[in-house]
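Report on the structure given below.
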Amino acid sequence: MGADSTRTFFRLTRDERLAAGVSGAAAYVADGMGFSADHCTALASVVGEASRETFSRLTDPHGMVGVSLEQFPDRIEVLLEYEGQPFPTAGLDTTSVGSAASTDSRGKGGTRLLQRVDRVQFETQGRTSRLRLIKYLPANSSDSL
């Protein structure tokens with residue numbers, strides 16, 4: 001994480017309708033950075049999916065999710081921070097789809113995340129969990145996903 005970044009922060013209540021707002025904000029930032037429409041759509045989709053999954057993991061019915069969109073010259077990073085049940089994440093801090101573990105009970109979340117972003121990181125510190133999604137700006141943003 002370099003010094004040349006811009007950060008937008010949201011604090012969300014447990015309302016799945018708010019996932020659409022965060023998704024739209026991620027797509028808006030990515031579009032402004034020069035990502036292709038397909039990349040913006042994929043990023044919005046993964047941010048919405050991760051946000052909804054995070055809401056379901058909150059243990060406090062009044063719990064909050066902090067979402068940070070950070071823009072760097074070469075990438076966008078989306079950080080979801082919350083207190084609740086951690087994602088099952090063995091092997092998730094990776095850039096390889098083949099070694100990604102599931103982030104949901106259906107067995108496909110980790111792989112699906114990595115098909116739409118370049119890197120997924122997860123950490124737990126005490127009761128706080130952090131899921132970071134990283135999407136690099138392609139050399140040619142019209143490249144296929």
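Naming works like this for the structure tokens: A, B, ... for the chains as they're shown, residue 1 at the start of each chain, ligands 1 onward in shown order.
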
Which of region 9-101 of chain A end up as helix (DSSP H, G or I) when DSSP is run on this backbone - answer as a PyMOL selection string?
chain A and resi 18-33+37-57+97-99

Distance query region 19-21 of chain A at most 8 Å, only C-alpha atoms, self and fewer than 2 positions along chain excluded, as a ChimeraX atom specification
/A:15-17,23-25,47-49,51-52

Go through A:Ala44, A:Leu18, A:Val117, A:Ala139 and flag the residue nearest Pro73 (chain A), using only C-alpha atoms for the distances.
A:Ala139

Residues within 7 Å of Phe72 (chain A), please, as a CSV table (one decimal) with N, CA and C atoms, in the first residue's frame. Count only C-alpha atoms; anything in the same chain fewer than 4 positions from it doesn't count.
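Below is the file that was written, around-v5.csv:
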chain,number,residue,atom,x,y,z
A,4,ASP,N,0.4,7.1,-2.6
A,4,ASP,CA,-0.5,7.7,-3.6
A,4,ASP,C,-1.8,6.9,-3.7
A,5,SER,N,-2.7,7.2,-2.8
A,5,SER,CA,-4.0,6.4,-2.8
A,5,SER,C,-5.1,7.4,-2.4
A,6,THR,N,-6.3,7.0,-2.8
A,6,THR,CA,-7.5,7.7,-2.4
A,6,THR,C,-8.4,6.7,-1.8
A,76,ILE,N,-7.2,-1.3,-7.4
A,76,ILE,CA,-8.2,-1.0,-6.5
A,76,ILE,C,-8.3,-2.1,-5.4

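If you measure from each of A:Arg11, A:Lys135, A:Arg57, A:Arg130 to Cys40 (chain A) using only C-alpha atoms, the closest one turns out to be A:Lys135.
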